[in-house]
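Undergrad: Got a structure for you, query-v6.cif, holding mmCIF, C-alpha atoms.
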```
data_start
loop_
_atom_site.label_atom_id
_atom_site.label_comp_id
_atom_site.auth_asym_id
_atom_site.auth_seq_id
_atom_site.Cartn_x
_atom_site.Cartn_y
_atom_site.Cartn_z
CA MET A 8 0.00 0.00 0.00
CA THR A 9 2.99 2.32 0.45
CA ASP A 10 3.43 2.85 -3.30
CA PHE A 11 -0.29 3.59 -3.70
CA VAL A 12 -0.26 6.14 -0.86
CA SER A 13 2.93 7.79 -2.16
CA HIS A 14 1.46 8.07 -5.63
CA LEU A 15 -1.73 9.66 -4.29
CA GLN A 16 0.25 12.11 -2.13
CA THR A 17 2.26 13.26 -5.14
CA GLN A 18 -0.89 13.52 -7.25
CA LEU A 19 -2.69 15.61 -4.61
CA ILE A 20 0.25 17.96 -4.11
CA THR A 21 0.46 18.48 -7.88
CA ALA A 22 -3.30 19.09 -8.11
CA LEU A 23 -3.27 21.51 -5.20
CA GLU A 24 -0.35 23.45 -6.69
CA GLY A 25 -2.51 24.56 -9.57
CA GLN A 26 -2.77 21.53 -11.75
CA GLN A 27 -6.26 20.17 -12.19
CA PHE A 28 -7.57 16.73 -11.50
CA SER A 29 -8.35 14.89 -14.70
CA LYS A 30 -11.93 15.45 -15.83
CA TRP A 31 -14.39 12.62 -15.39
CA SER A 32 -17.54 12.27 -17.40
CA ALA A 33 -20.71 11.40 -15.57
CA PRO A 34 -22.42 8.54 -17.33
CA GLU A 35 -25.53 9.56 -19.21
CA THR A 36 -26.64 5.97 -19.10
CA TRP A 37 -24.11 3.36 -17.91
CA PHE A 38 -20.42 2.57 -18.32
CA GLU A 39 -19.31 -0.96 -19.04
CA SER A 40 -15.80 -1.90 -18.01
CA ARG A 41 -13.70 -5.04 -18.03
CA SER A 42 -12.12 -4.37 -14.67
CA ASP A 43 -13.61 -5.21 -11.30
CA SER A 44 -15.01 -2.52 -9.03
CA LEU A 45 -12.13 -2.36 -6.56
CA SER A 46 -9.48 -2.20 -9.28
CA ALA A 47 -11.42 0.59 -10.95
CA ILE A 48 -11.70 2.55 -7.67
CA ARG A 49 -7.98 2.20 -7.17
CA ALA A 50 -7.27 3.33 -10.75
CA LEU A 51 -9.62 6.33 -10.46
CA ALA A 52 -7.97 7.35 -7.19
CA ALA A 53 -4.57 7.13 -8.88
CA ASP A 54 -5.92 9.32 -11.70
CA GLU A 55 -5.49 6.53 -14.20
CA VAL A 56 -7.81 5.90 -17.10
CA VAL A 57 -10.42 3.21 -16.63
CA GLU A 58 -11.36 2.12 -20.12
CA CYS A 59 -15.06 1.83 -20.66
CA ILE A 60 -17.85 2.15 -23.15
CA GLU A 61 -21.37 3.47 -22.69
CA ALA A 62 -23.99 0.76 -22.37
CA ALA A 63 -27.58 0.32 -21.29
CA PRO A 64 -28.09 0.26 -17.51
CA PRO A 65 -28.58 -3.20 -16.03
CA GLU A 66 -32.05 -4.51 -15.40
CA GLU A 67 -33.34 -3.47 -11.98
CA SER A 68 -34.12 -7.13 -11.19
CA GLY A 69 -34.52 -6.50 -7.49
CA PHE A 70 -31.12 -4.89 -6.86
CA PHE A 71 -32.54 -2.11 -4.72
CA ASP A 72 -34.67 -4.56 -2.73
CA ASP A 73 -31.61 -6.76 -2.19
CA LEU A 74 -29.61 -3.73 -1.10
CA GLN A 75 -32.25 -2.75 1.44
CA ALA A 76 -32.55 -6.32 2.66
CA SER A 77 -28.79 -6.44 3.32
CA ILE A 78 -28.94 -3.71 5.99
CA ARG A 79 -27.72 -6.14 8.65
CA GLU A 80 -25.43 -8.04 6.28
CA PRO A 81 -22.50 -5.73 5.45
CA GLN A 82 -20.55 -8.38 3.54
CA ARG A 83 -23.58 -9.04 1.33
CA ARG A 84 -24.03 -5.29 0.73
CA PHE A 85 -20.32 -5.01 -0.16
CA GLU A 86 -20.73 -7.82 -2.70
CA LEU A 87 -23.90 -6.27 -4.15
CA LEU A 88 -22.24 -2.88 -4.59
CA THR A 89 -18.99 -4.19 -6.05
CA THR A 90 -20.95 -6.37 -8.47
CA ARG A 91 -23.24 -3.57 -9.62
CA TYR A 92 -20.58 -0.88 -9.85
CA LEU A 93 -17.90 -2.65 -11.87
CA HIS A 94 -17.28 0.86 -13.12
CA PRO A 95 -17.65 2.97 -9.97
CA LEU A 96 -18.62 6.15 -11.83
CA ASN A 97 -21.91 4.42 -12.62
CA VAL A 98 -23.01 5.52 -9.16
CA ALA A 99 -23.46 8.98 -10.77
CA ALA A 100 -25.78 7.65 -13.48
CA PRO A 101 -29.33 9.08 -13.44
CA SER A 102 -30.75 5.59 -12.81
CA GLU A 103 -28.91 5.35 -9.47
CA HIS A 104 -30.71 8.14 -7.59
CA ARG A 105 -32.48 5.76 -5.16
CA VAL A 106 -29.28 3.87 -4.47
CA ARG A 107 -27.33 7.07 -3.75
CA GLU A 108 -30.05 8.30 -1.40
CA HIS A 109 -30.08 4.96 0.40
CA LEU A 110 -26.29 4.96 0.81
CA LEU A 111 -26.33 8.54 2.08
CA GLU A 112 -29.11 7.81 4.54
CA ARG A 113 -27.37 4.71 5.93
CA LEU A 114 -24.11 6.61 6.36
CA MET A 115 -25.69 9.61 8.05
CA VAL A 116 -28.17 7.80 10.30
CA ALA A 117 -27.38 4.21 11.30
CA ASP A 118 -23.60 4.15 10.76
CA ARG A 119 -23.10 7.60 12.20
CA SER A 120 -25.06 6.69 15.32
CA ARG A 121 -22.99 3.55 15.85
CA ILE A 122 -19.70 5.37 15.44
CA GLU A 123 -20.77 8.16 17.79
CA GLN A 124 -21.52 5.48 20.40
CA HIS A 125 -17.85 4.43 20.08
CA SER A 126 -18.78 1.30 18.19
CA LEU A 127 -16.63 1.82 15.11
CA HIS A 128 -15.10 -1.61 15.68
CA LEU A 129 -18.57 -3.16 15.23
CA LEU A 130 -18.89 -1.86 11.68
CA ASN A 131 -17.55 -3.75 8.69
CA ALA A 132 -14.71 -1.48 7.52
CA ASP A 133 -14.79 -2.66 3.91
CA ASP A 134 -18.50 -1.99 3.61
CA LEU A 135 -18.29 1.44 5.28
CA LEU A 136 -15.30 2.54 3.22
CA LEU A 137 -16.76 1.28 -0.06
CA ARG A 138 -19.94 3.29 0.53
CA LEU A 139 -17.89 6.37 1.45
CA ASN A 140 -15.90 5.96 -1.78
CA LEU A 141 -19.07 5.74 -3.87
CA ILE A 142 -20.61 8.79 -2.18
CA ALA A 143 -17.32 10.69 -2.61
CA LEU A 144 -17.22 9.82 -6.31
CA TYR A 145 -20.75 11.14 -6.74
CA ALA A 146 -19.95 14.30 -4.75
CA SER A 147 -17.66 15.38 -7.61
CA PHE A 148 -20.63 15.43 -9.98
CA THR A 149 -23.40 17.03 -7.97
CA THR A 150 -24.20 20.41 -6.51
CA ASP A 151 -26.22 18.68 -3.77
CA LEU A 152 -24.17 19.63 -0.73
CA ARG A 153 -25.58 16.82 1.42
CA TYR A 154 -23.04 14.48 -0.16
CA LEU A 155 -20.13 16.80 0.52
CA ASP A 156 -21.47 17.36 4.03
CA ALA A 157 -21.43 13.59 4.65
CA LEU A 158 -17.82 13.44 3.49
CA ASN A 159 -16.89 16.34 5.79
CA TYR A 160 -18.62 14.62 8.65
CA TYR A 161 -16.80 11.32 8.15
CA TYR A 162 -13.47 13.05 7.63
CA GLU A 163 -13.87 14.57 11.09
CA LEU A 164 -15.54 11.53 12.66
CA LEU A 165 -13.15 8.73 11.71
CA PRO A 166 -10.12 8.72 14.01
CA SER A 167 -6.87 9.47 12.21
CA THR A 168 -5.41 6.47 14.01
CA TRP A 169 -8.03 4.10 12.62
CA TYR A 170 -6.32 1.51 10.46
CA PRO A 171 -8.87 -1.22 9.93
CA GLU A 172 -7.63 -4.74 9.62
CA SER A 173 -9.13 -5.59 6.30
CA PRO A 174 -8.00 -6.79 2.90
CA HIS A 175 -9.27 -3.51 1.45
CA ASN A 176 -8.03 -1.01 4.02
CA TRP A 177 -6.60 1.06 1.14
CA LEU A 178 -10.22 2.18 0.55
CA ARG A 179 -9.62 4.70 3.34
CA VAL A 180 -6.88 6.33 1.28
CA SER A 181 -8.99 6.39 -1.89
CA PHE A 182 -11.91 7.85 0.12
CA LEU A 183 -9.69 10.71 1.30
CA ASN A 184 -8.47 11.24 -2.26
CA PHE A 185 -12.01 11.42 -3.64
CA TYR A 186 -12.99 13.72 -0.78
CA VAL A 187 -10.22 16.18 -1.72
CA ARG A 188 -11.29 15.93 -5.36
CA ALA A 189 -14.91 16.70 -4.46
CA LEU A 190 -13.80 19.71 -2.41
CA ALA A 191 -11.67 20.97 -5.29
CA VAL A 192 -14.56 20.56 -7.73
CA HIS A 193 -16.91 22.48 -5.43
CA PHE A 194 -14.38 25.28 -4.88
CA THR A 195 -13.85 25.52 -8.63
CA HIS A 196 -17.61 25.98 -9.13
CA ILE A 197 -17.69 28.74 -6.49
CA ASP A 198 -15.01 30.83 -8.25
#
```
Can you turn what I pasted into structure tokens?

TA:
Amino acid sequence: MTDFVSHLQTQLITALEGQQFSKWSAPETWFESRSDSLSAIRALAADEVVECIEAAPPEESGFFDDLQASIREPQRRFELLTTRYLHPLNVAAPSEHRVREHLLERLMVADRSRIEQHSLHLLNADDLLLRLNLIALYASFTTDLRYLDALNYYYELLPSTWYPESPHNWLRVSFLNFYVRALAVHFTHID
């Protein structure tokens, strides 16, 4: 993970010194990609190109119902989200409004309450960080400040000494990267 973190640090310093982040296109419909979701998140965080083509959105086929039913099954929710968002920018697609709202609500109500009760260790770190990454990706595309507010809240809430023992603990670094990107995008729109 050291190389990944070093690369992101260099990228952020360059971006903050006046260079821009590369421009992402929000999907009008859906992006199809050959990579898996986690590889694509890592590539997007590293400002690498994730090759994709526009495609029709997947059939609903109960995805949202399955997502809601997995409220108490974080590993299942993680699998559902990584399967659906093989290209993570699809979270910004118009068809994903209900999913984004659900993710935001879970982060700001149930998860927030648990963490504030000093129960961070009871949450599944991979699931929490994946959802934060998806919300942070979307925050770069929207003027809805609720998403940026959620990122601000979690930036302040999560202890800086929290290093979850998980196979995907690098998702914390990519979350912070996407958070900085979202802030930069919002500040650019203000100017």

Undergrad: Let me make sure I understand: among A:Pro81, A:His94, A:Leu183, A:Ala146, which one has the smallest atom-to-atom distance to Leu130 (chain A) if we use all atoms listed in the file?

TA: A:Pro81

Undergrad: Nearest residue to Ser32 (chain A) out of A:Pro65, A:Pro166, A:Pro174, A:Pro95, using all atoms listed in the file?

TA: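 Closest to Ser32 (chain A), using all atoms listed in the file: A:Pro95.
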
Undergrad: Using Å and a single decimal, report how far CA of Pro64 (chain A) sits from CA of Arg91 (chain A).

TA: 10.0 Å

Undergrad: Translate the PyMOL selection byres ((chain A and resi 70-80) around 12), as applied to the file shown, into an explicit residue set as a ChimeraX atom specification.

TA: /A:65-69,81-92,102-110,112-114,117-118,129-131,134-135

Undergrad: Counting all atoms listed in the file, what is within 10 Å of Ile48 (chain A), bar same-chain residues fewer than 6 positions away, as a PyMOL selection string?

TA: chain A and resi 42+54-55+57+92-96+137+140-141+144+178+181-182+185
